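**Q** Take this structure first; my questions come after.
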Amino acid sequence: MAAIENNLFSIAQIPANSGHTLHRGTPRETFIKEFLEGHLSANVAIGTGEIIDSNSQPREPRNQFDIVIYKKNYPKLDFGGGISGFLAESVIATIEVKSILISNAINQSLEAAHNAKLLIPNVERSFQAGWVPPKILNYIVAYNGPAQINTVHGWILNSHRKFGVSFPSWTQKNRLKTPGTALDGVFILNKGFIVLDNTPLTLRRQNEPARGIYTMSDCLNGSILMLFLMLQQACDNIDGAWLNATPYLRNAPFRNVNFV
């Protein structure tokens with residue numbers, strides 16, 4: 001994973017020679033997608049687009065996500081041009097890819113992440129085995145950013161206050177069942193990461209008392225490893241759940257419905 005992180009950081013210098021910001025960002029998104037497609041479980045797929053639930057309306061403003069990791073056994077809406085609408089019931093995680101992470105990028109991604117957390121899935125469930133994320137996970141992967149992860153922590157705190165988004169709170173007993181309220185993690189290549197500490201993948205020593213809600217690390221190599229392991233644990237479960245499509249009929253324009 002250290003070699004992959006170094007490789008991602010190196011090949012990102014190729015589109016840096018382009019003259020348009022879109023031509024720098026799009027290839028870098030592709031590099032992350034290719035890494036995920038080559039390493040995550042075969043029961044998930046990678047896409048780009050927006051997320052809807054049964055309350056969503058056509059043409060209403062929605063956030064666009066660079067990378068959406070979703071369950072392949074659920075439907076999706078094909079808008080064309082490689083853009084899809086994903087049902088909230090199917091989405092495991094989203095990733096926003098940033099060439100350079102700045103405070104405004106945190107603001108934008110945190111607001112989008114909070115909106116994703118507000119979506120209401122409608123599923124029928126018979127059993128679970130393993131850890132199933134209680135809400136959609138939302139991450140940022142950046143190719144460059146501030147020298148210290150503590151700076152990113154400050155940006156996240158400021159964004160929560162700016163948008164009036166509450167901070168998650170949990171105890172040791174309900175930690176794994178308590179979702180985040182916006183961003184779940186930020187990873188900067190060759191710099192480090194900051195993640196919420198509400199998953200089975202924790203760096204705390206056994207029986208170490210919980211302090212705070214974030215885990216931060218300034219590490220030369222380790223961001224891609226942590227991202228991979230966090231995504232893998234979110235996919236590595238058996239979830240006996242299926243779509244309850246009835247709420248999606250709420251506003252369907254059926255006429256003269258009879259039961260005979």
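In the structure tokens, each chain is lettered A, B, ... as it comes, each chain's residues begin at 1, and ligands are numbered from 1 in order of appearance.
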Env of A:Thr178: 7 Å cut, atoms = only C-alpha atoms, seq-sep filter 3 positions within chain, self excluded. Answer as a PDB file with N, CA and C atoms, in the first residue's frame.
**A**
```pdb
ATOM      1  N   PRO A 134     -23.842   2.344   9.822  1.00  0.00           N
ATOM      2  CA  PRO A 134     -25.207   2.806  10.099  1.00  0.00           C
ATOM      3  C   PRO A 134     -25.700   3.883   9.142  1.00  0.00           C
ATOM      4  N   TRP A 170     -20.831   9.480  21.105  1.00  0.00           N
ATOM      5  CA  TRP A 170     -21.072   8.075  21.396  1.00  0.00           C
ATOM      6  C   TRP A 170     -20.378   7.648  22.671  1.00  0.00           C
ATOM      7  N   ASN A 174     -22.133   2.106  22.350  1.00  0.00           N
ATOM      8  CA  ASN A 174     -22.853   2.335  21.097  1.00  0.00           C
ATOM      9  C   ASN A 174     -21.974   2.939  19.998  1.00  0.00           C
ATOM     10  N   ARG A 175     -20.663   2.922  20.198  1.00  0.00           N
ATOM     11  CA  ARG A 175     -19.724   3.564  19.272  1.00  0.00           C
ATOM     12  C   ARG A 175     -19.899   3.047  17.837  1.00  0.00           C
ATOM     13  N   ASN A 198     -15.386   5.664  15.035  1.00  0.00           N
ATOM     14  CA  ASN A 198     -16.626   4.955  15.359  1.00  0.00           C
ATOM     15  C   ASN A 198     -16.799   3.698  14.499  1.00  0.00           C
TER      16      ASN A 198
END
```
**Q** Within stretch 59-151 of chain A, find each residue whose DSSP state, derived from the backbone, is strand (DSSP E), and express the selection as a PDB file with N, CA and C atoms, in the first residue's frame.
**A**
```
ATOM      1  N   PHE A  65     -21.180  13.472  -6.569  1.00  0.00           N
ATOM      2  CA  PHE A  65     -20.049  12.831  -5.901  1.00  0.00           C
ATOM      3  C   PHE A  65     -19.111  12.231  -6.941  1.00  0.00           C
ATOM      4  N   ASP A  66     -17.813  12.513  -6.762  1.00  0.00           N
ATOM      5  CA  ASP A  66     -16.811  12.018  -7.707  1.00  0.00           C
ATOM      6  C   ASP A  66     -16.822  10.497  -7.787  1.00  0.00           C
ATOM      7  N   ILE A  67     -16.858   9.859  -6.620  1.00  0.00           N
ATOM      8  CA  ILE A  67     -16.811   8.398  -6.551  1.00  0.00           C
ATOM      9  C   ILE A  67     -17.916   7.919  -5.612  1.00  0.00           C
ATOM     10  N   VAL A  68     -18.728   6.995  -6.112  1.00  0.00           N
ATOM     11  CA  VAL A  68     -19.771   6.370  -5.302  1.00  0.00           C
ATOM     12  C   VAL A  68     -19.521   4.874  -5.288  1.00  0.00           C
ATOM     13  N   ILE A  69     -19.393   4.312  -4.105  1.00  0.00           N
ATOM     14  CA  ILE A  69     -19.213   2.864  -3.946  1.00  0.00           C
ATOM     15  C   ILE A  69     -20.565   2.291  -3.532  1.00  0.00           C
ATOM     16  N   TYR A  70     -21.097   1.406  -4.360  1.00  0.00           N
ATOM     17  CA  TYR A  70     -22.462   0.933  -4.135  1.00  0.00           C
ATOM     18  C   TYR A  70     -22.554  -0.581  -4.316  1.00  0.00           C
ATOM     19  N   LYS A  71     -23.615  -1.156  -3.758  1.00  0.00           N
ATOM     20  CA  LYS A  71     -23.860  -2.595  -3.855  1.00  0.00           C
ATOM     21  C   LYS A  71     -24.402  -2.923  -5.240  1.00  0.00           C
ATOM     22  N   LYS A  76     -29.850   1.158 -10.230  1.00  0.00           N
ATOM     23  CA  LYS A  76     -29.396   2.550 -10.297  1.00  0.00           C
ATOM     24  C   LYS A  76     -30.062   3.198 -11.498  1.00  0.00           C
ATOM     25  N   LEU A  77     -30.052   4.510 -11.547  1.00  0.00           N
ATOM     26  CA  LEU A  77     -30.634   5.259 -12.650  1.00  0.00           C
ATOM     27  C   LEU A  77     -29.516   5.766 -13.549  1.00  0.00           C
ATOM     28  N   ASP A  78     -29.559   5.424 -14.822  1.00  0.00           N
ATOM     29  CA  ASP A  78     -28.531   5.842 -15.770  1.00  0.00           C
ATOM     30  C   ASP A  78     -28.949   7.153 -16.417  1.00  0.00           C
ATOM     31  N   PHE A  79     -28.249   8.238 -16.077  1.00  0.00           N
ATOM     32  CA  PHE A  79     -28.550   9.546 -16.655  1.00  0.00           C
ATOM     33  C   PHE A  79     -27.803   9.784 -17.969  1.00  0.00           C
ATOM     34  N   GLY A  80     -26.880   8.886 -18.319  1.00  0.00           N
ATOM     35  CA  GLY A  80     -26.095   9.041 -19.527  1.00  0.00           C
ATOM     36  C   GLY A  80     -24.749   9.691 -19.257  1.00  0.00           C
ATOM     37  N   ILE A  83     -22.875   9.169 -15.848  1.00  0.00           N
ATOM     38  CA  ILE A  83     -23.435   9.733 -14.619  1.00  0.00           C
ATOM     39  C   ILE A  83     -24.675   8.937 -14.226  1.00  0.00           C
ATOM     40  N   SER A  84     -24.783   8.590 -12.958  1.00  0.00           N
ATOM     41  CA  SER A  84     -25.897   7.770 -12.495  1.00  0.00           C
ATOM     42  C   SER A  84     -26.547   8.381 -11.264  1.00  0.00           C
ATOM     43  N   GLY A  85     -27.780   7.971 -11.030  1.00  0.00           N
ATOM     44  CA  GLY A  85     -28.463   8.260  -9.779  1.00  0.00           C
ATOM     45  C   GLY A  85     -28.495   6.983  -8.961  1.00  0.00           C
ATOM     46  N   PHE A  86     -27.955   7.028  -7.762  1.00  0.00           N
ATOM     47  CA  PHE A  86     -27.839   5.844  -6.918  1.00  0.00           C
ATOM     48  C   PHE A  86     -28.854   5.905  -5.784  1.00  0.00           C
ATOM     49  N   LEU A  87     -29.532   4.803  -5.535  1.00  0.00           N
ATOM     50  CA  LEU A  87     -30.460   4.740  -4.418  1.00  0.00           C
ATOM     51  C   LEU A  87     -29.682   4.758  -3.116  1.00  0.00           C
ATOM     52  N   VAL A  91     -25.892   2.623  -1.438  1.00  0.00           N
ATOM     53  CA  VAL A  91     -24.586   3.300  -1.347  1.00  0.00           C
ATOM     54  C   VAL A  91     -23.891   2.963  -0.033  1.00  0.00           C
ATOM     55  N   ILE A  92     -22.652   2.533  -0.141  1.00  0.00           N
ATOM     56  CA  ILE A  92     -21.818   2.249   1.023  1.00  0.00           C
ATOM     57  C   ILE A  92     -20.998   3.472   1.398  1.00  0.00           C
ATOM     58  N   ALA A  93     -20.381   4.105   0.397  1.00  0.00           N
ATOM     59  CA  ALA A  93     -19.499   5.237   0.689  1.00  0.00           C
ATOM     60  C   ALA A  93     -19.372   6.138  -0.531  1.00  0.00           C
ATOM     61  N   THR A  94     -18.983   7.381  -0.274  1.00  0.00           N
ATOM     62  CA  THR A  94     -18.637   8.322  -1.334  1.00  0.00           C
ATOM     63  C   THR A  94     -17.231   8.853  -1.078  1.00  0.00           C
ATOM     64  N   ILE A  95     -16.570   9.254  -2.155  1.00  0.00           N
ATOM     65  CA  ILE A  95     -15.236   9.853  -2.049  1.00  0.00           C
ATOM     66  C   ILE A  95     -15.176  11.078  -2.941  1.00  0.00           C
ATOM     67  N   GLU A  96     -14.761  12.195  -2.382  1.00  0.00           N
ATOM     68  CA  GLU A  96     -14.476  13.390  -3.150  1.00  0.00           C
ATOM     69  C   GLU A  96     -12.963  13.461  -3.341  1.00  0.00           C
ATOM     70  N   VAL A  97     -12.518  13.633  -4.578  1.00  0.00           N
ATOM     71  CA  VAL A  97     -11.089  13.676  -4.889  1.00  0.00           C
ATOM     72  C   VAL A  97     -10.681  15.127  -5.113  1.00  0.00           C
ATOM     73  N   LYS A  98      -9.659  15.572  -4.385  1.00  0.00           N
ATOM     74  CA  LYS A  98      -9.180  16.950  -4.475  1.00  0.00           C
ATOM     75  C   LYS A  98      -7.705  16.961  -4.876  1.00  0.00           C
ATOM     76  N   VAL A 123     -35.325  -0.190   3.643  1.00  0.00           N
ATOM     77  CA  VAL A 123     -34.925  -1.574   3.415  1.00  0.00           C
ATOM     78  C   VAL A 123     -35.685  -2.497   4.355  1.00  0.00           C
ATOM     79  N   GLU A 124     -35.822  -3.726   3.909  1.00  0.00           N
ATOM     80  CA  GLU A 124     -36.286  -4.806   4.762  1.00  0.00           C
ATOM     81  C   GLU A 124     -35.056  -5.627   5.130  1.00  0.00           C
ATOM     82  N   ARG A 125     -34.968  -6.019   6.375  1.00  0.00           N
ATOM     83  CA  ARG A 125     -33.754  -6.713   6.822  1.00  0.00           C
ATOM     84  C   ARG A 125     -34.132  -7.928   7.657  1.00  0.00           C
ATOM     85  N   SER A 126     -33.435  -9.027   7.394  1.00  0.00           N
ATOM     86  CA  SER A 126     -33.686 -10.247   8.162  1.00  0.00           C
ATOM     87  C   SER A 126     -32.532 -10.588   9.096  1.00  0.00           C
ATOM     88  N   PHE A 127     -31.287 -10.252   8.700  1.00  0.00           N
ATOM     89  CA  PHE A 127     -30.148 -10.562   9.557  1.00  0.00           C
ATOM     90  C   PHE A 127     -28.941  -9.733   9.122  1.00  0.00           C
ATOM     91  N   GLN A 128     -27.968  -9.670  10.002  1.00  0.00           N
ATOM     92  CA  GLN A 128     -26.689  -9.021   9.708  1.00  0.00           C
ATOM     93  C   GLN A 128     -25.558  -9.846  10.305  1.00  0.00           C
ATOM     94  N   ALA A 129     -24.444  -9.874   9.612  1.00  0.00           N
ATOM     95  CA  ALA A 129     -23.232 -10.482  10.145  1.00  0.00           C
ATOM     96  C   ALA A 129     -22.060  -9.587   9.770  1.00  0.00           C
ATOM     97  N   LEU A 137     -21.000   6.358   4.319  1.00  0.00           N
ATOM     98  CA  LEU A 137     -19.698   6.900   4.708  1.00  0.00           C
ATOM     99  C   LEU A 137     -19.249   7.922   3.671  1.00  0.00           C
ATOM    100  N   ASN A 138     -18.642   9.020   4.119  1.00  0.00           N
ATOM    101  CA  ASN A 138     -18.230  10.093   3.213  1.00  0.00           C
ATOM    102  C   ASN A 138     -16.781  10.473   3.484  1.00  0.00           C
ATOM    103  N   TYR A 139     -15.945  10.345   2.440  1.00  0.00           N
ATOM    104  CA  TYR A 139     -14.513  10.583   2.585  1.00  0.00           C
ATOM    105  C   TYR A 139     -14.015  11.608   1.567  1.00  0.00           C
ATOM    106  N   ILE A 140     -12.869  12.188   1.879  1.00  0.00           N
ATOM    107  CA  ILE A 140     -12.105  13.011   0.935  1.00  0.00           C
ATOM    108  C   ILE A 140     -10.733  12.360   0.760  1.00  0.00           C
ATOM    109  N   VAL A 141     -10.284  12.283  -0.493  1.00  0.00           N
ATOM    110  CA  VAL A 141      -8.901  11.899  -0.792  1.00  0.00           C
ATOM    111  C   VAL A 141      -8.257  13.063  -1.529  1.00  0.00           C
ATOM    112  N   ALA A 142      -7.149  13.566  -1.013  1.00  0.00           N
ATOM    113  CA  ALA A 142      -6.469  14.715  -1.614  1.00  0.00           C
ATOM    114  C   ALA A 142      -5.040  14.335  -1.980  1.00  0.00           C
TER     115      ALA A 142
END
```
**Q** Fewer than 5 positions away in the same chain doesn't count, so skip those; otherwise give me all residues within 12 Å of A:Glu208, counting only C-alpha atoms, as a PyMOL selection string.
**A** chain A and resi 172+202-203
**Q** Using only C-alpha atoms, which of A:Cys235, A:Val257, A:Leu101, A:Ile136 sits nearest A:Glu89?
**A**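 The shortest atom-to-atom distance to A:Glu89 comes from A:Ile136.
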**Q** Quick one: residues within 7 Å of A:Ile149, only C-alpha atoms counted, chain neighbours fewer than 4 positions away excluded, as a short mmCIF file (atom, residue, chain, number, x, y, z; two decimals) with N, CA and C atoms, in the first residue's frame?
**A**
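After the write, part_22.cif holds the following:
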```
data_model
loop_
_atom_site.label_atom_id
_atom_site.label_comp_id
_atom_site.auth_asym_id
_atom_site.auth_seq_id
_atom_site.Cartn_x
_atom_site.Cartn_y
_atom_site.Cartn_z
N HIS A 153 -8.05 19.23 10.79
CA HIS A 153 -8.96 19.08 11.93
C HIS A 153 -9.61 20.42 12.27
N GLY A 192 -0.93 12.22 5.59
CA GLY A 192 -1.60 11.67 6.76
C GLY A 192 -3.11 11.63 6.58
N PHE A 193 -3.81 11.39 7.68
CA PHE A 193 -5.27 11.25 7.62
C PHE A 193 -5.90 11.65 8.94
N ILE A 194 -7.22 11.91 8.88
CA ILE A 194 -8.03 12.12 10.07
C ILE A 194 -9.34 11.39 9.83
N MET A 216 -6.14 11.03 14.33
CA MET A 216 -5.32 11.74 13.36
C MET A 216 -3.93 11.12 13.32
N SER A 217 -3.31 11.18 12.15
CA SER A 217 -1.94 10.70 12.02
C SER A 217 -1.23 11.49 10.93
N ASP A 218 -0.07 12.03 11.26
CA ASP A 218 0.82 12.62 10.26
C ASP A 218 1.79 11.52 9.82
#
```
**Q** Which residues come within 9 Å of A:Glu5, counting only C-alpha atoms, excluding same-chain residues fewer than 2 positions away, as a VMD selection string?
**A** chain A and resid 1 to 3 7 to 10 189 to 190 221 to 225
**Q** Using DSSP on the backbone coordinates, identify the residues of stretch 136-214 of chain A assigned to helix (DSSP H, G or I); present them as a PyMOL selection string.
**A** chain A and resi 149-163+175-177
